[in-house]
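Asks: Submitted below is the structure of interest, expressed as structure tokens.
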Amino acid sequence: SQTIHQWPATLVQPVGSPLSLECTVEGTSNPNLYWYRQAAGRGLQLLFYSVGIGQISSEVPQNLSASRPQDRQFILSSKKLLLSDSGFYLCALSGVLFKAFFGQGTRLTVV
Amino acid sequence: RKEVEQDPGPFNVPEGATVAFNCTYSNSASQSFFWYRQDCRKEPKLLMSVYSSGNEDGRFTAQLNRASQYISLLIRDSKLSDSATYLCVVNLRTGNQFYFGTGTSLTVIP
């Protein structure tokens with residue numbers, strides 16, 4: 001069965017510092033992958049999605065970027081974090097019958 | 001207009017009660033429909049798919065009304081463990097994009 005690994009689970013970073021969140025998947029090949037952010041008490045906001053290696057679509061212009069260097073690896077990055085980047089970051093894949101499966105998420109606090 | 005709209009609640013119900021959530025979607029091309037459950041500070045997890053004919057899984061019943069573009073979730077005999085946020089999700093399949101509602105908060109009270 002497919003699994004999604006995300007790390008770290010929690011992260012506290014100062015404003016202006018860089019960010020790199022990694023997501024890896026197992027048990028599937030050529031998945032559609034997604035990065036979402038959820039602010040406290042809010043809904044899920046789609047940040048990026050990828051249909052294959054090197055293919056990234058951005059939904060929201062901001063200081064974040066994403067890369068997909070390998071089929072089962074999806075990375076979310078920032079060169080300089082803002083306070084507004086705080087939130088719960090979730091990696092997801094589209095599985096069988098168009099169901100979404102999520103990693104356990106990274107809770108980022110920018111201070 | 002949002003792709004998917006849900007009443008955010010909160011719904012506070014006693015144990016054993018029946019509670020219903022509704023969700024509307026704006027794109028008539030939507031083809032796949034789901035309810036997800038999200039516990040506090042956790043990732044969303046699939047609760048059930050929603051089929052055109054309606055479907056049931058134990059105490060949970062999901063219904064889809066394509067003509068009116070709404071989806072419902074009925075929970076019977078509520079348990080304390082049902083307390084969570086319930087997310088309505090649709091997928092257009094074309095482009096394989098998911099659209100999430102903002103969630104409905106449920107608290108089941110002893």
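Please note that chains go A, B, ... in the order of the structure tokens, that every chain numbers its residues from 1, and that ligands are numbered from 1 in the order shown.
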Restrict the distance test to only C-alpha atoms, flag each residue of chain A within 10 Å of chain B, and return the flagged residues as a list of chain:residue names.

Replies: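 Filtering chain A at 10 Å from chain B with only C-alpha atoms gives A:Asn32, A:Tyr34, A:Gln38, A:Ala40, A:Gly41, A:Arg42, A:Gly43, A:Leu44, A:Gln45, A:Leu46, A:Tyr49, A:Val51, A:Phe88, A:Tyr89, A:Leu90, A:Cys91, A:Ala92, A:Ser94, A:Leu97, A:Phe98, A:Lys99, A:Ala100, A:Phe101, A:Phe102, A:Gly103, A:Gln104, A:Gly105, A:Thr106, A:Arg107.
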
Asks: Which residues come within 6 Å of A:Phe74, counting only C-alpha atoms, excluding same-chain residues fewer than 3 positions away, as a PDB file with C-alpha atoms, in the first residue's frame?

Replies:
ATOM      1  CA  CYS A  23       8.086  14.405   1.339  1.00  0.00           C
ATOM      2  CA  SER A  67      10.804  20.820  -6.616  1.00  0.00           C
ATOM      3  CA  ARG A  68      10.417  17.213  -7.630  1.00  0.00           C
TER       4      ARG A  68
END

Asks: Which neighbours of stretch 53-63 of chain A fall inside 12 Å, counting only C-alpha atoms, when residues of the same chain fewer than 2 positions from it are skipped, and could you give them as a VMD selection string?

Replies: (chain A and resid 16 to 19 29 to 37 45 to 51 65 to 85) or (chain B and resid 95 97)

Asks: B:Gly58: which residues within 12 Å, counting only C-alpha atoms, same-chain residues fewer than 3 positions away excluded, as a list in words?

Replies: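 Listed by chain and then number, they are Leu47, Met48, Asn55, Thr61, Ala62, Leu74, Ile75, Arg76, Asp77 and Ser78 of chain B.
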
Asks: Convert the current residue selection to file output with all heavy atoms, as a PDB file, in the first residue's frame.

Replies:
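The resulting file, part.pdb, is shown below:
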ATOM      1  N   LEU B  47     -12.604   9.339   5.350  1.00  0.00           N
ATOM      2  CA  LEU B  47     -13.682   8.697   6.099  1.00  0.00           C
ATOM      3  C   LEU B  47     -14.475   7.790   5.161  1.00  0.00           C
ATOM      4  O   LEU B  47     -14.658   6.616   5.435  1.00  0.00           O
ATOM      5  CB  LEU B  47     -14.590   9.769   6.707  1.00  0.00           C
ATOM      6  CG  LEU B  47     -15.804   9.287   7.486  1.00  0.00           C
ATOM      7  CD1 LEU B  47     -15.368   8.518   8.728  1.00  0.00           C
ATOM      8  CD2 LEU B  47     -16.715  10.441   7.864  1.00  0.00           C
ATOM      9  N   MET B  48     -14.932   8.363   4.062  1.00  0.00           N
ATOM     10  CA  MET B  48     -15.661   7.564   3.091  1.00  0.00           C
ATOM     11  C   MET B  48     -15.811   8.300   1.771  1.00  0.00           C
ATOM     12  O   MET B  48     -15.814   9.522   1.730  1.00  0.00           O
ATOM     13  CB  MET B  48     -17.031   7.153   3.634  1.00  0.00           C
ATOM     14  CG  MET B  48     -17.961   8.275   3.993  1.00  0.00           C
ATOM     15  SD  MET B  48     -19.354   7.743   5.039  1.00  0.00           S
ATOM     16  CE  MET B  48     -20.160   6.525   4.009  1.00  0.00           C
ATOM     17  N   ASN B  55     -24.322   5.853   0.091  1.00  0.00           N
ATOM     18  CA  ASN B  55     -23.640   4.692   0.666  1.00  0.00           C
ATOM     19  C   ASN B  55     -23.534   4.837   2.171  1.00  0.00           C
ATOM     20  O   ASN B  55     -23.571   5.940   2.721  1.00  0.00           O
ATOM     21  CB  ASN B  55     -22.252   4.477   0.031  1.00  0.00           C
ATOM     22  CG  ASN B  55     -21.409   5.734  -0.059  1.00  0.00           C
ATOM     23  OD1 ASN B  55     -21.777   6.698  -0.741  1.00  0.00           O
ATOM     24  ND2 ASN B  55     -20.292   5.746   0.643  1.00  0.00           N
ATOM     25  N   THR B  61     -23.597   7.649   6.935  1.00  0.00           N
ATOM     26  CA  THR B  61     -24.278   7.566   5.648  1.00  0.00           C
ATOM     27  C   THR B  61     -23.941   8.805   4.839  1.00  0.00           C
ATOM     28  O   THR B  61     -24.073   9.927   5.333  1.00  0.00           O
ATOM     29  CB  THR B  61     -25.806   7.478   5.820  1.00  0.00           C
ATOM     30  OG1 THR B  61     -26.130   6.325   6.586  1.00  0.00           O
ATOM     31  CG2 THR B  61     -26.490   7.398   4.459  1.00  0.00           C
ATOM     32  N   ALA B  62     -23.511   8.593   3.611  1.00  0.00           N
ATOM     33  CA  ALA B  62     -23.181   9.706   2.722  1.00  0.00           C
ATOM     34  C   ALA B  62     -24.149   9.714   1.552  1.00  0.00           C
ATOM     35  O   ALA B  62     -24.551   8.665   1.052  1.00  0.00           O
ATOM     36  CB  ALA B  62     -21.749   9.567   2.223  1.00  0.00           C
ATOM     37  N   LEU B  74     -24.322  11.879   7.289  1.00  0.00           N
ATOM     38  CA  LEU B  74     -25.167  11.662   8.453  1.00  0.00           C
ATOM     39  C   LEU B  74     -24.437  10.739   9.409  1.00  0.00           C
ATOM     40  O   LEU B  74     -23.954   9.679   9.004  1.00  0.00           O
ATOM     41  CB  LEU B  74     -26.504  11.035   8.024  1.00  0.00           C
ATOM     42  CG  LEU B  74     -27.540  10.814   9.124  1.00  0.00           C
ATOM     43  CD1 LEU B  74     -28.204  12.141   9.475  1.00  0.00           C
ATOM     44  CD2 LEU B  74     -28.600   9.814   8.678  1.00  0.00           C
ATOM     45  N   ILE B  75     -24.354  11.143  10.657  1.00  0.00           N
ATOM     46  CA  ILE B  75     -23.745  10.313  11.688  1.00  0.00           C
ATOM     47  C   ILE B  75     -24.828   9.964  12.697  1.00  0.00           C
ATOM     48  O   ILE B  75     -25.426  10.848  13.313  1.00  0.00           O
ATOM     49  CB  ILE B  75     -22.583  11.031  12.400  1.00  0.00           C
ATOM     50  CG1 ILE B  75     -21.548  11.533  11.385  1.00  0.00           C
ATOM     51  CG2 ILE B  75     -21.931  10.103  13.424  1.00  0.00           C
ATOM     52  CD1 ILE B  75     -20.421  12.343  12.006  1.00  0.00           C
ATOM     53  N   ARG B  76     -25.078   8.674  12.854  1.00  0.00           N
ATOM     54  CA  ARG B  76     -26.078   8.227  13.821  1.00  0.00           C
ATOM     55  C   ARG B  76     -25.396   7.765  15.106  1.00  0.00           C
ATOM     56  O   ARG B  76     -24.233   7.357  15.093  1.00  0.00           O
ATOM     57  CB  ARG B  76     -26.880   7.057  13.236  1.00  0.00           C
ATOM     58  CG  ARG B  76     -27.778   7.434  12.067  1.00  0.00           C
ATOM     59  CD  ARG B  76     -28.569   6.203  11.587  1.00  0.00           C
ATOM     60  NE  ARG B  76     -27.654   5.151  11.143  1.00  0.00           N
ATOM     61  CZ  ARG B  76     -27.119   5.105   9.939  1.00  0.00           C
ATOM     62  NH1 ARG B  76     -27.369   6.051   9.063  1.00  0.00           N
ATOM     63  NH2 ARG B  76     -26.308   4.114   9.609  1.00  0.00           N
ATOM     64  N   ASP B  77     -26.127   7.840  16.204  1.00  0.00           N
ATOM     65  CA  ASP B  77     -25.632   7.335  17.485  1.00  0.00           C
ATOM     66  C   ASP B  77     -24.219   7.872  17.764  1.00  0.00           C
ATOM     67  O   ASP B  77     -23.258   7.107  17.939  1.00  0.00           O
ATOM     68  CB  ASP B  77     -25.637   5.796  17.466  1.00  0.00           C
ATOM     69  CG  ASP B  77     -25.318   5.194  18.818  1.00  0.00           C
ATOM     70  OD1 ASP B  77     -25.513   5.882  19.849  1.00  0.00           O
ATOM     71  OD2 ASP B  77     -24.846   4.033  18.858  1.00  0.00           O
ATOM     72  N   SER B  78     -24.098   9.162  17.786  1.00  0.00           N
ATOM     73  CA  SER B  78     -22.784   9.816  17.925  1.00  0.00           C
ATOM     74  C   SER B  78     -22.017   9.299  19.144  1.00  0.00           C
ATOM     75  O   SER B  78     -22.586   9.107  20.219  1.00  0.00           O
ATOM     76  CB  SER B  78     -22.970  11.333  18.060  1.00  0.00           C
ATOM     77  OG  SER B  78     -23.569  11.877  16.920  1.00  0.00           O
TER      78      SER B  78
END

Asks: Rounded to one decimal, what separation in Å do you get between atom CA of B:Glu15 and atom CA of B:Gln38?

Replies: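 Answer for the atom CA of B:Glu15 to atom CA of B:Gln38 separation: 19.4 Å.
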
Asks: Apply DSSP to the structure's backbone, then extract all residues of stretch 53-93 of chain A labelled strand (DSSP E) and return them as a PyMOL selection string.

Replies: chain A and resi 55-58+64-70+73-78+87-93

Asks: Print the selection's residues with N, CA and C atoms to a file, as a PDB file, in the first residue's frame.

Replies:
ATOM      1  N   GLN A  55       8.088  18.674 -12.899  1.00  0.00           N
ATOM      2  CA  GLN A  55       6.867  19.383 -13.312  1.00  0.00           C
ATOM      3  C   GLN A  55       6.152  19.909 -12.077  1.00  0.00           C
ATOM      4  N   ILE A  56       6.148  21.237 -11.947  1.00  0.00           N
ATOM      5  CA  ILE A  56       5.574  21.878 -10.764  1.00  0.00           C
ATOM      6  C   ILE A  56       4.597  22.944 -11.220  1.00  0.00           C
ATOM      7  N   SER A  57       3.426  22.944 -10.627  1.00  0.00           N
ATOM      8  CA  SER A  57       2.464  24.016 -10.858  1.00  0.00           C
ATOM      9  C   SER A  57       2.230  24.735  -9.545  1.00  0.00           C
ATOM     10  N   SER A  58       2.278  26.046  -9.608  1.00  0.00           N
ATOM     11  CA  SER A  58       2.100  26.867  -8.419  1.00  0.00           C
ATOM     12  C   SER A  58       0.709  27.463  -8.415  1.00  0.00           C
ATOM     13  N   LEU A  64       7.476  30.816  -1.453  1.00  0.00           N
ATOM     14  CA  LEU A  64       7.773  29.401  -1.376  1.00  0.00           C
ATOM     15  C   LEU A  64       8.011  28.846  -2.773  1.00  0.00           C
ATOM     16  N   SER A  65       8.743  27.771  -2.859  1.00  0.00           N
ATOM     17  CA  SER A  65       8.953  27.074  -4.124  1.00  0.00           C
ATOM     18  C   SER A  65       8.918  25.583  -3.861  1.00  0.00           C
ATOM     19  N   ALA A  66       8.756  24.818  -4.922  1.00  0.00           N
ATOM     20  CA  ALA A  66       8.722  23.368  -4.785  1.00  0.00           C
ATOM     21  C   ALA A  66       9.561  22.744  -5.881  1.00  0.00           C
ATOM     22  N   SER A  67      10.041  21.558  -5.611  1.00  0.00           N
ATOM     23  CA  SER A  67      10.804  20.820  -6.616  1.00  0.00           C
ATOM     24  C   SER A  67      10.479  19.341  -6.500  1.00  0.00           C
ATOM     25  N   ARG A  68      10.633  18.660  -7.606  1.00  0.00           N
ATOM     26  CA  ARG A  68      10.417  17.213  -7.630  1.00  0.00           C
ATOM     27  C   ARG A  68      11.601  16.591  -8.366  1.00  0.00           C
ATOM     28  N   PRO A  69      12.669  16.352  -7.623  1.00  0.00           N
ATOM     29  CA  PRO A  69      13.888  15.825  -8.253  1.00  0.00           C
ATOM     30  C   PRO A  69      13.803  14.336  -8.616  1.00  0.00           C
ATOM     31  N   GLN A  70      12.932  13.629  -7.920  1.00  0.00           N
ATOM     32  CA  GLN A  70      12.736  12.204  -8.209  1.00  0.00           C
ATOM     33  C   GLN A  70      11.245  11.906  -8.215  1.00  0.00           C
ATOM     34  N   GLN A  73       9.730  11.936  -4.671  1.00  0.00           N
ATOM     35  CA  GLN A  73      10.242  12.936  -3.745  1.00  0.00           C
ATOM     36  C   GLN A  73       9.719  14.305  -4.138  1.00  0.00           C
ATOM     37  N   PHE A  74       9.202  15.012  -3.138  1.00  0.00           N
ATOM     38  CA  PHE A  74       8.631  16.329  -3.379  1.00  0.00           C
ATOM     39  C   PHE A  74       9.136  17.239  -2.275  1.00  0.00           C
ATOM     40  N   ILE A  75       9.718  18.353  -2.636  1.00  0.00           N
ATOM     41  CA  ILE A  75      10.371  19.217  -1.657  1.00  0.00           C
ATOM     42  C   ILE A  75       9.766  20.609  -1.698  1.00  0.00           C
ATOM     43  N   LEU A  76       9.497  21.142  -0.540  1.00  0.00           N
ATOM     44  CA  LEU A  76       9.001  22.507  -0.394  1.00  0.00           C
ATOM     45  C   LEU A  76      10.103  23.356   0.218  1.00  0.00           C
ATOM     46  N   SER A  77      10.368  24.517  -0.395  1.00  0.00           N
ATOM     47  CA  SER A  77      11.499  25.322   0.056  1.00  0.00           C
ATOM     48  C   SER A  77      11.129  26.793   0.153  1.00  0.00           C
ATOM     49  N   SER A  78      11.947  27.480   0.920  1.00  0.00           N
ATOM     50  CA  SER A  78      11.887  28.935   0.953  1.00  0.00           C
ATOM     51  C   SER A  78      13.285  29.462   1.215  1.00  0.00           C
ATOM     52  N   GLY A  87       2.340  27.624   9.777  1.00  0.00           N
ATOM     53  CA  GLY A  87       1.159  26.824   9.476  1.00  0.00           C
ATOM     54  C   GLY A  87       1.478  25.350   9.497  1.00  0.00           C
ATOM     55  N   PHE A  88       0.504  24.587   9.124  1.00  0.00           N
ATOM     56  CA  PHE A  88       0.605  23.128   9.084  1.00  0.00           C
ATOM     57  C   PHE A  88       0.752  22.742   7.617  1.00  0.00           C
ATOM     58  N   TYR A  89       1.896  22.188   7.255  1.00  0.00           N
ATOM     59  CA  TYR A  89       2.198  21.860   5.867  1.00  0.00           C
ATOM     60  C   TYR A  89       1.974  20.366   5.644  1.00  0.00           C
ATOM     61  N   LEU A  90       1.189  20.079   4.642  1.00  0.00           N
ATOM     62  CA  LEU A  90       0.802  18.702   4.363  1.00  0.00           C
ATOM     63  C   LEU A  90       1.164  18.324   2.940  1.00  0.00           C
ATOM     64  N   CYS A  91       1.800  17.198   2.804  1.00  0.00           N
ATOM     65  CA  CYS A  91       2.083  16.612   1.498  1.00  0.00           C
ATOM     66  C   CYS A  91       0.996  15.570   1.235  1.00  0.00           C
ATOM     67  N   ALA A  92       0.545  15.495   0.013  1.00  0.00           N
ATOM     68  CA  ALA A  92      -0.508  14.534  -0.310  1.00  0.00           C
ATOM     69  C   ALA A  92      -0.254  13.922  -1.676  1.00  0.00           C
ATOM     70  N   LEU A  93      -0.832  12.766  -1.887  1.00  0.00           N
ATOM     71  CA  LEU A  93      -0.795  12.170  -3.206  1.00  0.00           C
ATOM     72  C   LEU A  93      -2.207  11.769  -3.609  1.00  0.00           C
TER      73      LEU A  93
END

Asks: Have a look at B:Arg37, B:Ile71, B:Ser26, B:Pro14 and name the one nearest to B:Ser53; count only C-alpha atoms.

Replies: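 For B:Ser53, the nearest of the candidates is B:Ile71.
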
Asks: Please indicate the distance in Å from atom CA of B:Thr24 to atom CA of B:Ser72, rounded to one decimal place.

Replies: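 Atom-to-atom, atom CA of B:Thr24 to atom CA of B:Ser72, that is 8.8 Å.
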
Asks: List the spatial neighbours of B:Asp82 as a ChimeraX atom specification - criterion: any atom at most 9 Å away, only C-alpha atoms, same-chain residues fewer than 2 positions off excluded.

Replies: /B:75,78-80,84,106-108

Asks: Please, could you write that set of residues out with N, CA and C atoms as a PDB file, in the first residue's frame?

Replies:
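To be explicit, this is the file written out as selection.pdb:
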ATOM      1  N   ILE B  75     -24.354  11.143  10.657  1.00  0.00           N
ATOM      2  CA  ILE B  75     -23.745  10.313  11.688  1.00  0.00           C
ATOM      3  C   ILE B  75     -24.828   9.964  12.697  1.00  0.00           C
ATOM      4  N   SER B  78     -24.098   9.162  17.786  1.00  0.00           N
ATOM      5  CA  SER B  78     -22.784   9.816  17.925  1.00  0.00           C
ATOM      6  C   SER B  78     -22.017   9.299  19.144  1.00  0.00           C
ATOM      7  N   LYS B  79     -20.724   9.104  18.933  1.00  0.00           N
ATOM      8  CA  LYS B  79     -19.810   8.703  19.997  1.00  0.00           C
ATOM      9  C   LYS B  79     -18.871   9.860  20.321  1.00  0.00           C
ATOM     10  N   LEU B  80     -18.316   9.829  21.518  1.00  0.00           N
ATOM     11  CA  LEU B  80     -17.340  10.859  21.897  1.00  0.00           C
ATOM     12  C   LEU B  80     -16.190  10.891  20.889  1.00  0.00           C
ATOM     13  N   ALA B  84     -14.396  15.744  15.895  1.00  0.00           N
ATOM     14  CA  ALA B  84     -13.345  16.018  14.917  1.00  0.00           C
ATOM     15  C   ALA B  84     -13.876  17.083  13.971  1.00  0.00           C
ATOM     16  N   LEU B 106     -17.210  19.178  14.812  1.00  0.00           N
ATOM     17  CA  LEU B 106     -18.179  18.432  15.617  1.00  0.00           C
ATOM     18  C   LEU B 106     -17.579  18.118  16.979  1.00  0.00           C
ATOM     19  N   THR B 107     -18.327  18.418  18.013  1.00  0.00           N
ATOM     20  CA  THR B 107     -17.972  17.986  19.364  1.00  0.00           C
ATOM     21  C   THR B 107     -19.139  17.196  19.919  1.00  0.00           C
ATOM     22  N   VAL B 108     -18.851  15.966  20.310  1.00  0.00           N
ATOM     23  CA  VAL B 108     -19.870  15.126  20.935  1.00  0.00           C
ATOM     24  C   VAL B 108     -19.667  15.216  22.444  1.00  0.00           C
TER      25      VAL B 108
END
